[in-house]
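The block underneath contains the structure these notes are about, expressed in structure tokens.
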Amino acid sequence: FDFASRESQCQAAKSFAAKTNCIMVLKGHHTFVTDGVKEFTNATGNPKMAVGGCGDCLTGIITALICQGLMAWEAACLGVA
């Protein structure tokens with residue numbers, strides 16, 4: 001994969017998620033979520049969300065949503081929205 005392009009990064013995330021049966025969140029100003037089959041992109045972000053520490057906050061938000069009973073896919077998509 002040529003990780004310089006966003007398309008290649010998303011393809012690598014899809015491939016990894018499919019192989020490992022997980023949900024991948026590729027954080028950035030346009031955050032990409034995939035389980036290897038389904039995809040969700042939040043295009044409403046901005047570059048200021050792609051700074052250190054934001055991923056830690058995002059992890060906490062997604063975890064809190066799962067703890068409240070949401071399924072992992074829904075929690076990941078809602079968390080990045």
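Letters for chains follow the order of the structure tokens (A, B, ...), residue numbers begin at 1 for each chain, and ligand numbers begin at 1 in the order shown.
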Exercise: Ala76 of chain A partners within 8 Å, only C-alpha atoms, chain neighbours under 5 positions left out, as a PDB file with N, CA, C and O atoms, in the first residue's frame:
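File part-v4.pdb, as written:
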ATOM      1  N   ILE A  23     -13.235  -3.593  14.235  1.00  0.00           N
ATOM      2  CA  ILE A  23     -13.691  -2.325  13.672  1.00  0.00           C
ATOM      3  C   ILE A  23     -12.518  -1.359  13.750  1.00  0.00           C
ATOM      4  O   ILE A  23     -11.926  -1.178  14.813  1.00  0.00           O
ATOM      5  N   VAL A  25     -11.004   2.473  13.209  1.00  0.00           N
ATOM      6  CA  VAL A  25     -11.305   3.897  13.117  1.00  0.00           C
ATOM      7  C   VAL A  25     -10.017   4.579  12.675  1.00  0.00           C
ATOM      8  O   VAL A  25      -9.022   4.567  13.396  1.00  0.00           O
ATOM      9  N   VAL A  33     -14.434   4.834   9.298  1.00  0.00           N
ATOM     10  CA  VAL A  33     -14.728   3.669  10.141  1.00  0.00           C
ATOM     11  C   VAL A  33     -15.076   2.508   9.225  1.00  0.00           C
ATOM     12  O   VAL A  33     -15.835   2.675   8.271  1.00  0.00           O
ATOM     13  N   ILE A  62     -16.249   6.315  22.448  1.00  0.00           N
ATOM     14  CA  ILE A  62     -16.731   5.048  21.882  1.00  0.00           C
ATOM     15  C   ILE A  62     -16.922   4.006  22.978  1.00  0.00           C
ATOM     16  O   ILE A  62     -17.932   3.302  23.005  1.00  0.00           O
TER      17      ILE A  62
END
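Look at Cys22 of chain A: the protein and nucleic acid residues within 9 Å of it, using only C-alpha atoms and passing over chain neighbours fewer than 6 places away, are A:Phe16, A:Thr34, A:Asp35, A:Gly36.
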Let's have the selection written as a PDB file, in the first residue's frame, with N, CA and C atoms.
ATOM      1  N   PHE A  16      -7.280  -4.793   6.939  1.00  0.00           N
ATOM      2  CA  PHE A  16      -6.907  -5.202   8.297  1.00  0.00           C
ATOM      3  C   PHE A  16      -8.140  -5.578   9.114  1.00  0.00           C
ATOM      4  N   THR A  34     -14.518   1.326   9.507  1.00  0.00           N
ATOM      5  CA  THR A  34     -14.835   0.143   8.708  1.00  0.00           C
ATOM      6  C   THR A  34     -14.751  -1.116   9.557  1.00  0.00           C
ATOM      7  N   ASP A  35     -15.533  -2.091   9.172  1.00  0.00           N
ATOM      8  CA  ASP A  35     -15.408  -3.425   9.772  1.00  0.00           C
ATOM      9  C   ASP A  35     -14.901  -4.414   8.721  1.00  0.00           C
ATOM     10  N   GLY A  36     -14.444  -3.904   7.608  1.00  0.00           N
ATOM     11  CA  GLY A  36     -13.976  -4.727   6.510  1.00  0.00           C
ATOM     12  C   GLY A  36     -15.027  -4.924   5.438  1.00  0.00           C
TER      13      GLY A  36
END
* Structure fact -> Using only C-alpha atoms, the best pick from A:Cys10, A:Ala4, A:Leu70, A:Cys77 as closest to Leu58 of chain A would be A:Cys77
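Distance check against Thr41 of chain A using only C-alpha atoms: of A:Thr20, A:Glu7, A:Val80, A:Thr63, the minimum falls on A:Val80.
The residue that comes closest to Ala13 of chain A, out of A:Asp56, A:Gly45, A:Ala72, A:Leu26 and on the basis of only C-alpha atoms, is A:Leu26.
DSSP on the backbone gives strand (DSSP E or B) for these parts of chain A: Met24, Val25, Leu26, Thr31, Phe32, Val33, Thr34, Glu39, Phe40, Thr41 and Asn42 of chain A.
For the choices A:Gly53, A:Gln11, A:Ile61, A:Glu74, the atom-to-atom distance to Val37 of chain A is smallest for A:Gln11 when using only C-alpha atoms.
Restricting the calculation to only C-alpha atoms, the smallest distance between Trp73 of chain A and any of A:Lys38, A:Cys54, A:Pro47, A:Gly28 is found for A:Lys38.
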* **Residue list (alpha helix (DSSP H), DSSP) for chain A, as a VMD selection string** => chain A and resid 6 to 20 54 to 67 72 to 80
* Restricting the calculation to only C-alpha atoms, which member of A:Ala12, A:Gln68, A:Lys19, A:His29 is positioned closest to Ala50 of chain A? -> A:His29
